[in-house]
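Raw contents of entry17.txt, compact mmCIF, C-alpha atoms:
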```
# COMPACT_ATOMS: atom_id res chain seq x y z
CA MET A 1 -16.07 8.18 20.56
CA ARG A 2 -17.10 10.68 17.95
CA GLU A 3 -17.52 9.65 14.34
CA ASP A 4 -14.58 10.82 12.34
CA ASP A 5 -14.74 8.90 9.08
CA PHE A 6 -12.13 9.33 6.45
CA GLN A 7 -13.06 9.70 2.78
CA LEU A 8 -10.49 8.17 0.47
CA GLY A 9 -11.54 8.27 -3.16
CA PRO A 10 -14.90 6.50 -3.30
CA LEU A 11 -14.42 4.77 0.04
CA ARG A 12 -15.41 5.88 3.51
CA LEU A 13 -13.05 4.46 6.11
CA LYS A 14 -13.77 4.31 9.83
CA SER A 15 -10.10 4.05 10.73
CA ARG A 16 -7.30 6.40 9.80
CA LEU A 17 -4.77 3.62 10.23
CA LEU A 18 -3.83 1.81 7.03
CA THR A 19 -1.77 -1.33 7.45
CA GLY A 20 0.38 -3.67 5.38
CA THR A 21 0.82 -7.42 4.99
CA GLY A 22 4.61 -7.53 4.62
CA LYS A 23 7.05 -9.16 7.06
CA PHE A 24 4.58 -11.00 9.33
CA SER A 25 6.21 -14.10 10.82
CA ASP A 26 2.90 -15.92 10.40
CA HIS A 27 0.16 -14.79 8.03
CA ARG A 28 -2.49 -16.03 10.44
CA LEU A 29 -1.63 -13.03 12.62
CA ILE A 30 -2.89 -10.65 9.94
CA PRO A 31 -6.65 -11.09 10.50
CA LYS A 32 -6.07 -10.83 14.26
CA MET A 33 -4.08 -7.63 13.80
CA LEU A 34 -6.85 -6.25 11.57
CA ALA A 35 -9.46 -7.04 14.20
CA ALA A 36 -7.41 -5.45 16.98
CA SER A 37 -6.48 -2.34 15.02
CA ARG A 38 -9.75 -2.00 13.07
CA SER A 39 -7.70 -0.96 10.08
CA GLY A 40 -10.00 -0.90 7.05
CA MET A 41 -7.38 -0.95 4.32
CA ILE A 42 -4.30 -3.13 3.87
CA THR A 43 -1.56 -3.31 1.28
CA VAL A 44 -0.56 -6.40 -0.70
CA ALA A 45 2.11 -6.98 -3.33
CA LEU A 46 2.11 -8.97 -6.57
CA ARG A 47 4.90 -11.43 -7.39
CA ARG A 48 5.68 -14.31 -9.70
CA VAL A 49 4.42 -17.63 -8.34
CA ASP A 50 7.24 -19.81 -7.08
CA LEU A 51 6.62 -22.92 -9.17
CA SER A 52 8.53 -25.07 -6.71
CA ASP A 53 6.33 -24.37 -3.71
CA GLY A 54 3.06 -23.67 -5.45
CA GLY A 55 2.82 -20.11 -4.22
CA ASP A 56 1.52 -18.50 -1.12
CA ASN A 57 -1.65 -16.49 -1.21
CA ILE A 58 -2.03 -13.67 1.18
CA LEU A 59 -5.59 -12.88 0.08
CA ASP A 60 -6.87 -15.94 1.93
CA VAL A 61 -6.21 -14.33 5.33
CA ILE A 62 -7.70 -10.89 4.63
CA PRO A 63 -11.35 -10.47 5.65
CA GLU A 64 -13.80 -9.38 2.94
CA ALA A 65 -14.66 -6.16 4.75
CA VAL A 66 -11.10 -4.89 4.54
CA GLN A 67 -10.24 -2.99 1.36
CA LEU A 68 -7.18 -4.31 -0.46
CA LEU A 69 -4.57 -1.80 -1.51
CA PRO A 70 -2.27 -3.51 -4.02
CA ASN A 71 1.09 -1.84 -4.39
CA THR A 72 3.37 -1.68 -7.40
CA SER A 73 6.48 -2.68 -5.48
CA GLY A 74 9.11 -4.14 -7.74
CA ALA A 75 8.39 -1.53 -10.40
CA ARG A 76 11.41 0.49 -11.49
CA THR A 77 9.64 2.57 -14.12
CA ALA A 78 6.22 4.13 -14.65
CA GLU A 79 5.48 1.54 -17.34
CA GLU A 80 6.13 -1.32 -14.93
CA ALA A 81 3.95 0.29 -12.28
CA VAL A 82 1.12 0.71 -14.78
CA ARG A 83 1.41 -2.91 -15.82
CA ILE A 84 1.29 -4.14 -12.21
CA ALA A 85 -1.72 -1.92 -11.49
CA ARG A 86 -3.62 -3.30 -14.47
CA ILE A 87 -2.84 -6.88 -13.43
CA ALA A 88 -3.99 -6.20 -9.86
CA ARG A 89 -7.26 -4.77 -11.10
CA ALA A 90 -7.78 -7.65 -13.52
CA ALA A 91 -7.22 -10.01 -10.59
CA GLY A 92 -10.28 -8.55 -8.91
CA CYS A 93 -8.54 -6.37 -6.35
CA GLY A 94 -10.59 -3.30 -7.17
CA ASP A 95 -9.51 0.13 -8.36
CA PHE A 96 -7.18 1.16 -5.52
CA ILE A 97 -3.47 1.20 -6.27
CA LYS A 98 -0.50 2.37 -4.25
CA ILE A 99 2.15 3.48 -6.70
CA GLU A 100 5.62 2.60 -5.56
CA VAL A 101 8.44 3.05 -8.07
CA ILE A 102 11.87 2.45 -6.58
CA THR A 103 15.32 2.17 -8.09
CA ASP A 104 17.42 3.12 -5.08
CA ALA A 105 18.45 -0.07 -3.29
CA LYS A 106 19.99 1.40 -0.16
CA TYR A 107 17.37 3.88 1.01
CA LEU A 108 14.46 2.65 -1.13
CA MET A 109 13.64 6.22 -2.06
CA PRO A 110 10.70 6.42 -4.44
CA ASP A 111 11.28 7.93 -7.88
CA ASN A 112 8.87 10.87 -7.81
CA LEU A 113 9.04 11.56 -11.56
CA GLU A 114 8.21 8.01 -12.60
CA THR A 115 5.52 7.95 -9.92
CA LEU A 116 3.94 11.06 -11.42
CA ARG A 117 3.99 9.53 -14.89
CA ALA A 118 2.30 6.38 -13.64
CA THR A 119 -0.27 8.45 -11.74
CA GLU A 120 -1.22 10.35 -14.89
CA VAL A 121 -1.88 7.13 -16.82
CA LEU A 122 -3.67 5.24 -14.07
CA ALA A 123 -5.90 8.10 -12.92
CA ARG A 124 -7.11 8.44 -16.53
CA GLU A 125 -7.94 4.74 -16.48
CA GLY A 126 -10.15 5.19 -13.44
CA PHE A 127 -7.84 3.89 -10.76
CA VAL A 128 -7.92 5.37 -7.27
CA VAL A 129 -4.26 6.31 -7.23
CA LEU A 130 -2.28 6.63 -4.01
CA PRO A 131 1.28 7.65 -4.90
CA TYR A 132 4.12 6.97 -2.46
CA VAL A 133 6.61 9.83 -2.73
CA VAL A 134 9.51 11.69 -1.22
CA PRO A 135 7.71 14.71 0.29
CA ASP A 136 7.89 17.65 -2.10
CA LEU A 137 5.23 20.33 -2.37
CA THR A 138 5.54 20.98 -6.08
CA MET A 139 5.37 17.27 -6.81
CA ALA A 140 2.36 16.89 -4.53
CA ARG A 141 0.54 19.58 -6.50
CA ARG A 142 1.43 17.91 -9.78
CA LEU A 143 0.12 14.61 -8.43
CA GLU A 144 -3.14 16.27 -7.43
CA ASP A 145 -3.47 17.79 -10.88
CA ALA A 146 -2.79 14.37 -12.38
CA GLY A 147 -5.76 12.96 -10.46
CA ALA A 148 -4.15 11.30 -7.44
CA ALA A 149 -6.72 10.48 -4.73
CA ALA A 150 -4.16 11.21 -1.98
CA VAL A 151 -0.46 11.78 -1.60
CA MET A 152 1.61 9.49 0.54
CA PRO A 153 4.86 11.12 1.64
CA LEU A 154 7.42 9.02 3.47
CA GLY A 155 8.30 9.90 7.05
CA ALA A 156 11.62 8.05 6.81
CA PRO A 157 13.04 5.23 4.67
CA ILE A 158 10.83 2.14 4.40
CA GLY A 159 11.17 -0.20 7.36
CA SER A 160 13.61 2.10 9.17
CA ASN A 161 11.35 2.89 12.14
CA GLN A 162 12.96 6.34 12.38
CA GLY A 163 9.74 8.35 12.58
CA LEU A 164 8.96 11.71 11.05
CA LYS A 165 12.35 12.72 9.65
CA THR A 166 10.63 14.71 6.92
CA LYS A 167 8.25 16.44 9.30
CA ASP A 168 8.69 20.03 8.09
CA ILE A 169 7.96 19.25 4.46
CA ILE A 170 5.04 17.00 5.37
CA ALA A 171 3.61 19.97 7.29
CA LEU A 172 3.70 22.01 4.07
CA LEU A 173 1.93 19.24 2.20
CA ILE A 174 -0.77 19.03 4.85
CA GLU A 175 -1.23 22.80 4.71
CA CYS A 176 -1.40 23.07 0.93
CA CYS A 177 -2.81 19.84 -0.51
CA ARG A 178 -6.46 19.47 -1.44
CA VAL A 179 -6.29 15.68 -1.30
CA PRO A 180 -5.65 13.70 1.87
CA VAL A 181 -2.03 13.42 3.01
CA ILE A 182 -1.26 9.91 4.26
CA VAL A 183 2.10 9.51 5.94
CA ASP A 184 3.60 6.26 4.72
CA ALA A 185 6.86 4.55 5.63
CA GLY A 186 9.27 4.97 8.49
CA LEU A 187 6.81 5.29 11.37
CA GLY A 188 8.30 3.00 13.97
CA ARG A 189 6.38 3.75 17.13
CA PRO A 190 2.80 4.66 17.99
CA SER A 191 4.07 8.08 19.14
CA HIS A 192 5.34 8.72 15.59
CA ALA A 193 1.87 7.99 14.24
CA ALA A 194 0.28 10.21 16.87
CA GLU A 195 2.66 13.01 15.93
CA ALA A 196 1.71 12.75 12.24
CA MET A 197 -1.97 12.82 13.12
CA GLU A 198 -1.53 15.79 15.50
CA MET A 199 -0.01 17.66 12.57
CA GLY A 200 -3.18 17.08 10.57
CA ALA A 201 -2.25 14.11 8.41
CA ALA A 202 -5.42 12.47 7.13
CA ALA A 203 -4.12 9.00 7.89
CA VAL A 204 -0.96 6.92 8.29
CA LEU A 205 0.16 3.67 6.75
CA VAL A 206 2.13 1.37 9.05
CA ASN A 207 3.51 -2.03 8.13
CA THR A 208 6.97 -2.91 9.48
CA ALA A 209 6.49 -1.50 12.98
CA ILE A 210 3.39 -3.63 13.48
CA ALA A 211 4.39 -6.74 11.55
CA THR A 212 7.82 -7.14 13.12
CA ALA A 213 6.78 -6.42 16.71
CA PRO A 214 6.95 -9.53 18.89
CA ASP A 215 3.21 -9.09 19.39
CA PRO A 216 1.85 -7.62 16.14
CA VAL A 217 -1.76 -7.88 17.29
CA ALA A 218 -1.22 -5.73 20.38
CA MET A 219 1.02 -3.36 18.41
CA GLY A 220 -1.73 -2.94 15.83
CA GLU A 221 -4.04 -1.88 18.63
CA ALA A 222 -1.38 0.45 20.05
CA PHE A 223 -1.01 2.19 16.68
CA ALA A 224 -4.79 2.45 16.33
CA LEU A 225 -5.06 4.16 19.71
CA ALA A 226 -2.20 6.52 18.85
CA VAL A 227 -3.78 7.43 15.52
CA ARG A 228 -7.09 8.08 17.25
CA ALA A 229 -5.41 10.17 19.98
CA GLY A 230 -3.44 12.20 17.47
CA ARG A 231 -6.50 12.82 15.35
CA LEU A 232 -8.57 13.94 18.35
CA ALA A 233 -5.77 16.28 19.39
CA PHE A 234 -5.73 17.78 15.90
CA THR A 235 -9.49 18.27 15.68
CA SER A 236 -9.57 19.68 19.24
CA ARG A 237 -6.93 22.23 18.19
CA MET A 238 -3.89 22.19 20.42
CA PRO A 239 -2.98 25.40 22.26
CA ALA A 240 0.23 27.13 21.19
CA MET A 241 3.59 26.51 22.85
CA SER A 242 5.30 29.33 24.73
CA GLU A 243 8.89 30.02 25.76
CA THR A 244 8.07 30.67 29.42
CA ALA A 245 5.81 29.08 32.01
CA ASN A 246 2.12 29.93 32.27
CA ALA A 247 0.78 28.93 35.67
CA SER A 248 -2.01 26.42 35.69
CA SER A 249 -3.06 27.33 39.25
CA PRO A 250 -4.04 30.82 40.47
CA LEU A 251 -0.95 32.92 41.23
CA THR A 252 -2.35 34.48 44.40
CA GLY A 253 -0.38 33.18 47.38
CA PHE A 254 -1.86 30.39 49.51
CA LEU A 255 -3.50 31.90 52.69
CA ARG A 256 -1.84 35.26 51.99
CA MET B 1 6.98 -27.06 -27.72
CA LYS B 2 8.79 -24.32 -25.88
CA ILE B 3 7.08 -21.59 -23.91
CA ILE B 4 8.41 -18.97 -21.53
CA VAL B 5 7.02 -19.12 -18.01
CA ASN B 6 7.94 -16.42 -15.50
CA GLY B 7 10.95 -15.52 -17.59
CA SER B 8 12.33 -19.06 -18.04
CA GLU B 9 12.00 -21.22 -21.12
CA GLU B 10 10.43 -24.62 -20.58
CA SER B 11 9.11 -27.49 -22.64
CA CYS B 12 5.47 -28.31 -22.47
CA PRO B 13 3.08 -30.56 -24.40
CA GLU B 14 0.50 -28.93 -26.64
CA GLY B 15 -2.71 -28.04 -24.91
CA THR B 16 -4.61 -25.29 -23.17
CA LEU B 17 -3.54 -22.89 -20.47
CA GLY B 18 -5.96 -24.67 -18.12
CA GLU B 19 -4.22 -28.00 -18.74
CA TYR B 20 -0.84 -26.39 -18.12
CA VAL B 21 -1.95 -24.86 -14.83
CA ARG B 22 -3.42 -28.17 -13.64
CA ARG B 23 -0.26 -30.04 -14.61
CA GLN B 24 1.75 -27.62 -12.48
CA GLY B 25 -0.52 -28.30 -9.52
CA LEU B 26 -1.55 -24.66 -9.36
CA ILE B 27 -5.27 -25.06 -9.86
CA GLY B 28 -7.53 -23.72 -7.15
CA GLN B 29 -5.17 -20.88 -6.28
CA ARG B 30 -6.02 -17.25 -6.54
CA MET B 31 -3.49 -16.71 -9.22
CA VAL B 32 -3.28 -14.17 -12.01
CA VAL B 33 -2.11 -15.30 -15.43
CA GLU B 34 -0.75 -13.01 -18.10
CA HIS B 35 -0.55 -14.58 -21.58
CA ASN B 36 1.63 -12.54 -23.93
CA ARG B 37 1.10 -9.53 -21.64
CA VAL B 38 -2.70 -9.86 -21.57
CA VAL B 39 -4.41 -10.93 -18.36
CA VAL B 40 -6.53 -14.05 -18.90
CA PRO B 41 -9.45 -14.52 -16.48
CA ALA B 42 -9.58 -17.99 -14.90
CA GLU B 43 -12.80 -18.89 -16.71
CA ARG B 44 -10.98 -18.59 -20.04
CA TRP B 45 -7.96 -20.70 -19.13
CA ASP B 46 -9.47 -23.85 -20.67
CA LYS B 47 -10.29 -22.09 -23.93
CA LEU B 48 -6.83 -20.65 -24.52
CA THR B 49 -4.59 -22.96 -26.55
CA LEU B 50 -0.90 -22.40 -25.94
CA ALA B 51 1.41 -21.92 -28.91
CA GLU B 52 5.16 -22.15 -29.45
CA GLY B 53 6.98 -19.17 -27.95
CA ASP B 54 4.06 -17.99 -25.82
CA GLN B 55 4.99 -16.02 -22.74
CA LEU B 56 3.20 -16.72 -19.49
CA GLU B 57 3.45 -14.82 -16.25
CA LEU B 58 1.95 -16.63 -13.27
CA LEU B 59 1.46 -14.17 -10.45
CA SER B 60 -0.06 -14.16 -7.01
CA PHE B 61 -0.50 -11.75 -4.14
CA VAL B 62 2.04 -11.83 -1.36
CA GLY B 63 2.72 -9.83 1.76
CA GLY B 64 3.92 -6.32 1.13
CA GLY B 65 3.70 -2.75 2.36
```
Would you mind writing the structure in this file as structure tokens?
Amino acid sequence: MREDDFQLGPLRLKSRLLTGTGKFSDHRLIPKMLAASRSGMITVALRRVDLSDGGDNILDVIPEAVQLLPNTSGARTAEEAVRIARIARAAGCGDFIKIEVITDAKYLMPDNLETLRATEVLAREGFVVLPYVVPDLTMARRLEDAGAAAVMPLGAPIGSNQGLKTKDIIALLIECCRVPVIVDAGLGRPSHAAEAMEMGAAAVLVNTAIATAPDPVAMGEAFALAVRAGRLAFTSRMPAMSETANASSPLTGFLR
Amino acid sequence: MKIIVNGSEESCPEGTLGEYVRRQGLIGQRMVVEHNRVVVPAERWDKLTLAEGDQLELLSFVGGG
């Protein structure tokens, strides 16, 4: 297959599939999923240690070669997101941060304004900022101006597996943004990921659909293949659709 | 003395952060500790003496998207 690396901030990634560590029934599946999918970047979250059980550390199952992408989940304001980002960096997780600021409990919609405020602060501090947002072109431009390394619009609510419900706006973002557009959240099937990549998304981030599949390792591979297929379709430039048929075989009659 | 750990007040004998962490059986974990909102690297845990009213946040990485 052709080389088609993906530049994200200072990092060159071989795979355009980003994955997450949430919701796996067994954390030992994570390294197997990473091997099968070849995903080079994976999200983690930061939480208070449960003093009764001594805590559970997800970092132990993530291979060194895979870039950690800490998220700021749990943050309800820009200030909380900034604090989480600084802690994650101090913990040795590197400069990447996925900003996730959520106050809406039912649909888990990100708060774009607080996300922008956090992006402004963290980009100035040298973080590689990946903001998770409701797709909005004006906001995407403001995020770029604030120094975001990418924008990550949601396809559908987190964990909903609904696919590209926000497709039309994401298309505008892909057309107009200078930074990579990474579709995050809501992609439930490999075909959803392929569709995002066919549209020209730089990458996709998939967690729930892989982690909660009965076979997350095989599903990781399925998403990787779909991402690759969608990307190849985009770079090969798909022919236009038409209202009527266009014969694929010569129209001269057989033996006539 | 009283300190606040992960939002809850608790009693603890005088001593260092390192001693506290060992007493809790948390040593050897990849854990992040914030002391009064400042992250303390593991190599400084034994040098930091806890004081009355100190706030500790003990954090670790978990699965998440």
When the cut-off is 6 Å and we count only C-alpha atoms, which residues of chain A are near chain B, given as a PyMOL selection string? chain A and resi 20-22+43-49+57-58+91+207
Closest of A:Leu154, A:Ala35, A:Ala78, A:Val133 to Val183 in chain A, counting only C-alpha atoms, is A:Leu154
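Of note, CA of Glu120 in chain A and CA of Ala146 in chain A are spaced 5.0 Å apart.
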Residues within 6 Å of (7.6, 21.3, 2.2), counting all atoms listed in the file, listed as an NGL selection string: :A and (136-137 or 169-170 or 172)
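Taking CA of Gln67 in chain A and CA of Met41 in chain A as the two end points, the separation is 4.6 Å.
Each of A:Gly155, A:Gly9, A:Gly253, A:Pro131 was checked against Asp184 in chain A using all atoms listed in the file; the smallest atom-to-atom distance is that of A:Gly155.
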Would you list the contacts of Asp5 in chain A as a list in words, taking every protein, DNA or RNA residue within 10 Å and counting all atoms listed in the file, but skipping same-chain residues closer than 4 positions in sequence? Leu11, Arg12, Leu13, Lys14, Ser15 and Arg16 of chain A
Could you list, as JSON, numbers by chain, every residue within 8 Å of Leu50 in chain B, counting only C-alpha atoms and ignoring same-chain residues fewer than 5 positions away? {"B": [14, 15, 16, 17]}
At a cut-off of 8 Å from (-5.2, 8.9, -12.7) in the coordinates of the file, what residues are picked up using only C-alpha atoms, written as a PyMOL selection string? chain A and resi 118-129+146-148
Neighbouring residues of Ala105 in chain A were defined as those with any atom within 12 Å, considering only C-alpha atoms; residues of the same chain fewer than 3 positions away were excluded. Please report them as a PDB file with C-alpha atoms, in the frame of the given file.
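Result written to part_33.pdb:
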```pdb
ATOM      1  CA  GLY A  74       9.110  -4.140  -7.740  1.00  0.00           C
ATOM      2  CA  ARG A  76      11.410   0.490 -11.490  1.00  0.00           C
ATOM      3  CA  VAL A 101       8.440   3.050  -8.070  1.00  0.00           C
ATOM      4  CA  ILE A 102      11.870   2.450  -6.580  1.00  0.00           C
ATOM      5  CA  LEU A 108      14.460   2.650  -1.130  1.00  0.00           C
ATOM      6  CA  MET A 109      13.640   6.220  -2.060  1.00  0.00           C
ATOM      7  CA  PRO A 110      10.700   6.420  -4.440  1.00  0.00           C
ATOM      8  CA  ASP A 111      11.280   7.930  -7.880  1.00  0.00           C
ATOM      9  CA  PRO A 157      13.040   5.230   4.670  1.00  0.00           C
ATOM     10  CA  ILE A 158      10.830   2.140   4.400  1.00  0.00           C
TER      11      ILE A 158
END
```
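Counting from CA of Asp145 in chain A, the distance to CA of Arg117 in chain A is 11.8 Å.
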Give the padded box for range 48-52 of chain B as AutoDock Vina command-line options: axis-aligned, covering all atoms listed in the file, 4 Å on each side, centre and edge lengths in Å to one decimal.
```
--center_x -0.8 --center_y -21.8 --center_z -27.0 --size_x 20.0 --size_y 10.3 --size_z 12.9
```
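For Ala51 in chain B, the residues within 12 Å (counting all atoms listed in the file, excluding itself and residues fewer than 2 positions away along the chain) are Met1, Lys2, Ile3, Ile4, Ser11, Cys12, Pro13, Glu14, Gly15, Thr16, Leu17, Tyr20, His35, Asn36, Leu48, Thr49, Gly53, Asp54, Gln55 and Leu56 of chain B.
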